[in-house]
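Asker: There's a structure below that I have some questions on.
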Amino acid sequence: MPSQHRSTRPRSIGTSADAVQVSPELEWVLARAFAGSEGTRSGFLDGRAAGALASRLGLLPRIVHRLGPARLADELGPVAAKDALAEYRESALVSARLVALARLVGRVAGENGIKVVVLKHAALCLSGISLPAERGAADADILVSDADAARLTRELVRAGIRTSDAPVYDHQHSPLYHPQGGMLELHRTIPGVRPSPDDAEMSLEVLVARDLATPLDPGAPCLFVPRPHFMLAHALAHALFQHGLQPGAYPALKLLADIADLRCRASHDLLPDALPLIVAEIDEGDARAAWALPTALAAGGAAAVLACSDSPEARLLSHLLRGALDPGYGESLKLRSALTLPSDQSGPLAFLRWAWHTVAINRAQAWALYGADTRPKFLFALARRPFHLAWKLGRYIKAAARGGADRP
């Protein structure tokens, strides 16, 4: 059944570029991530600071993989290069294990006639668009229908995957983990991505029926991979809608790396097909700016992009950088984040439903938020939750009043 779509357009999350200072380390990180080994380099470079910044922005694996050990040591110095290589190797191992975990889920699903769709990191890597070694990840994401989720979970447990006490969100089934493979998130829907603005969030049934995903190969007919324009739509929704106002939860510069890979290894003309899937939740100007930024960074560098301070590209890049590097700015966004609902949750009843779910947390959420591992502690967590939220709301209002983020 179609959901009621709000009449207002999504607001841009871009912010003034005037507050961003482009250090030699930041220029180096963005040049090496998007312009490659031939990117520009200016001024004295603190190797340790550059490596730490690349890690914080989620770009270190990409940079190390592109430069190689010798060039890395030449530019960062031997000590900083050694640290960066160690982090790169660990990230590459985790990434490879997560891709293998996604394949395991696909095999188990296929043996039981269950369709699944790989998402995000697994989709980019299994399709050959991104290389596992140069893209870090924390979990494997798989889309499965509500009708098949319980059966798939049972079969996965038989295959050695375990249940997890991690919090459950509305768009997910209960999370799982593999002792060697890592965390596994089974999605019910894809937040921020809709067949049309008036439809519910994308489900497996709709994704497959509309030919937005295809089987990975003839030997795995139940394991589907989204088409490239859908991967782009999901990447934009994940970074700009799900985490756009919560920059501490996801290294958003990875979005630009994913876009660069999609441009290079899929197509330069994906955006027109991706936009209709995300216009309900994402400002079109932000989506277009994100699509353009990797090319702009490769051509002129961060300083050149930010110099045009009123351009959509400069404002979006400013938001992504300040969200990652400026704690005060991130704090100032939390009030807007707390009051922003998806487009199909408009009206007073939807707000009350959202407020109830925010206050009435479940056992897993209480454990994650407050360490409530017993029933008395869980009850105490429920009792303190309204007061904790009121204190946080007051802090968010103060942060927003300080003007860290652009006002409406």
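Residue numbering restarts at 1 in every chain; chains get A, B, ... in the order shown in the structure tokens, and ligands count up from 1 in that same order.
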Applying 7 Å and only C-alpha atoms, which residues near Ala314 of chain A remain after dropping the ones on its own chain fewer than 6 positions away? List them as a list in words.
Answerer: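 The residues satisfying every condition are Ala17, Val305, Leu306 and Cys308 of chain A.
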Asker: List the neighbours of segment 293-301 of chain A out to 9 Å using only C-alpha atoms; skip same-chain residues closer than 3 positions along the sequence, and give me the result as a VMD selection string.
Answerer: chain A and resid 27 to 28 30 to 36 39 to 40 256 to 257 259 to 260 288 to 290 304 to 306 313 to 314 316 to 317
Asker: May I have the selected residues written with C-alpha atoms, as a PDB file, in the first residue's frame?
Answerer:
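Resulting contents of result23.pdb:
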ATOM      1  CA  GLU A  27      44.966  18.157   0.652  1.00  0.00           C
ATOM      2  CA  TRP A  28      47.256  15.115   0.460  1.00  0.00           C
ATOM      3  CA  LEU A  30      41.947  13.861  -0.800  1.00  0.00           C
ATOM      4  CA  ALA A  31      44.427  14.128  -3.666  1.00  0.00           C
ATOM      5  CA  ARG A  32      45.755  10.614  -3.120  1.00  0.00           C
ATOM      6  CA  ALA A  33      42.262   9.172  -2.663  1.00  0.00           C
ATOM      7  CA  PHE A  34      40.765  10.718  -5.791  1.00  0.00           C
ATOM      8  CA  ALA A  35      43.599  11.876  -8.052  1.00  0.00           C
ATOM      9  CA  GLY A  36      45.783   8.846  -7.375  1.00  0.00           C
ATOM     10  CA  GLY A  39      47.783  14.011  -7.228  1.00  0.00           C
ATOM     11  CA  THR A  40      49.136  17.346  -6.126  1.00  0.00           C
ATOM     12  CA  LEU A 256      32.837   9.756  -2.646  1.00  0.00           C
ATOM     13  CA  ALA A 257      35.192   6.789  -3.020  1.00  0.00           C
ATOM     14  CA  ILE A 259      31.080   7.105  -6.498  1.00  0.00           C
ATOM     15  CA  ALA A 260      34.571   7.285  -7.990  1.00  0.00           C
ATOM     16  CA  ARG A 288      24.287  15.934  -7.836  1.00  0.00           C
ATOM     17  CA  ALA A 289      27.072  17.551  -5.803  1.00  0.00           C
ATOM     18  CA  ALA A 290      28.138  14.180  -4.395  1.00  0.00           C
ATOM     19  CA  ALA A 304      39.934  24.622  -5.365  1.00  0.00           C
ATOM     20  CA  VAL A 305      36.549  23.023  -4.631  1.00  0.00           C
ATOM     21  CA  LEU A 306      36.096  24.905  -1.356  1.00  0.00           C
ATOM     22  CA  GLU A 313      29.931  20.876  -4.162  1.00  0.00           C
ATOM     23  CA  ALA A 314      31.766  23.146  -1.701  1.00  0.00           C
ATOM     24  CA  LEU A 316      28.508  19.375   0.679  1.00  0.00           C
ATOM     25  CA  LEU A 317      32.253  18.770   0.995  1.00  0.00           C
TER      26      LEU A 317
END
Asker: Do you have the atom CA of Arg322 of chain A-atom CA of Arg265 of chain A distance handy?
Answerer: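 Here the two named atoms are 29.3 Å from each other.
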Asker: List the neighbours of segment 365-376 of chain A out to 10 Å using only C-alpha atoms; skip same-chain residues closer than 2 positions along the sequence, and give me the result as a list in words.
Answerer: Asp165, Ala166, Pro167, Val168, Tyr169, Ala360, Ile361, Asn362, Arg363, Phe378, Leu379, Phe380, Ala381, Leu382, Arg384 and Arg385 of chain A
Asker: As a PyMOL selection string, please: every residue in segment 9-231 of chain A that a backbone DSSP assignment puts in strand (DSSP E or B).
Answerer: chain A and resi 116-119+139-143+162-163+172+176-178+182-187+189-190+202-203+213-215+223-226
Asker: What is the atom CA of Arg227 of chain A-atom CA of Ala239 of chain A distance in Å, reported with one decimal?
Answerer: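 Straight-line distance from atom CA of Arg227 of chain A to atom CA of Ala239 of chain A works out to 18.6 Å.
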Asker: Let's see if you can do this: from backbone DSSP, list all alpha helix (DSSP H) residues in segment 24-205 of chain A, as an MDAnalysis selection string.
Answerer: chainID A and resid 24:34 47:56 60:76 78:111 120:126 146:158 204:205
Asker: Leaving out Arg56 of chain A and any residue of its chain fewer than 2 positions from it, which residues lie within 12 Å of it when counting only C-alpha atoms, given as a ChimeraX atom specification?
Answerer: /A:26,29,49-54,58-61,84,87,136,247-254,320-326
Asker: Using only C-alpha atoms, can you tell me which of A:Ala109, A:Ala122, A:Val79, A:Met183 comes closest to Thr153 of chain A?
Answerer: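 Closest to Thr153 of chain A, using only C-alpha atoms: A:Ala109.
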Asker: Report the distance between atom CA of His319 of chain A and atom CA of Leu240 of chain A in Å, rounded to one decimal place.
Answerer: 10.3 Å
Asker: Which segment 107-199 of chain A residues have any atom within 9 Å of an atom of segment 270-278 of chain A, and for each, what is the nearest pair of atoms with distance in Å to one decimal, counting only C-alpha atoms, rows sorted by chain and number, as a Markdown table?
Answerer:
| residue | atom | partner | partner_atom | distance |
| --- | --- | --- | --- | --- |
| A:Gly192 | CA | A:Ile278 | CA | 6.1 |
| A:Val193 | CA | A:Ile278 | CA | 5.1 |
| A:Arg194 | CA | A:Leu277 | CA | 5.1 |
| A:Pro195 | CA | A:Leu277 | CA | 5.5 |
| A:Ser196 | CA | A:Leu277 | CA | 6.0 |
| A:Pro197 | CA | A:Leu277 | CA | 7.4 |
Asker: Considering only C-alpha atoms, can you say which of A:Thr189, A:Thr15, A:Ser95, A:Ser174 comes closest to Ala137 of chain A?
Answerer: A:Ser95
Asker: Give me the residues within 9 Å of His187 of chain A as an MDAnalysis selection string, counting only C-alpha atoms and dropping any in the same chain fewer than 4 places off.
Answerer: chainID A and resid 141:145 171:175 203
Asker: Could you write out the selected residues, including C-alpha atoms, as a PDB file, in the first residue's frame?
Answerer:
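Writing the result to part_4.pdb gives the following:
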ATOM      1  CA  ASP A 141      24.626  -6.399   4.537  1.00  0.00           C
ATOM      2  CA  ILE A 142      22.080  -8.743   2.968  1.00  0.00           C
ATOM      3  CA  LEU A 143      18.480  -8.001   1.942  1.00  0.00           C
ATOM      4  CA  VAL A 144      15.942 -10.780   2.561  1.00  0.00           C
ATOM      5  CA  SER A 145      12.154 -10.839   2.584  1.00  0.00           C
ATOM      6  CA  HIS A 171      14.714  -1.778   8.637  1.00  0.00           C
ATOM      7  CA  GLN A 172      16.562  -4.884   9.869  1.00  0.00           C
ATOM      8  CA  HIS A 173      15.949  -8.369  11.140  1.00  0.00           C
ATOM      9  CA  SER A 174      17.883  -9.514  14.198  1.00  0.00           C
ATOM     10  CA  PRO A 175      21.632  -9.119  13.517  1.00  0.00           C
ATOM     11  CA  SER A 203      12.017  -4.446  -0.252  1.00  0.00           C
TER      12      SER A 203
END
Asker: Considering only C-alpha atoms, can you say which of A:Thr214, A:Ser318, A:Ser164, A:Ser55 comes closest to Leu85 of chain A?
Answerer: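 The shortest atom-to-atom distance to Leu85 of chain A comes from A:Ser55.
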Asker: So which one's closest to Ser23 of chain A, A:Phe224, A:Tyr177, A:Phe44, A:Trp291? Using only C-alpha atoms, please.
Answerer: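 Once distances to Ser23 of chain A are computed over only C-alpha atoms, the minimum belongs to A:Phe44.
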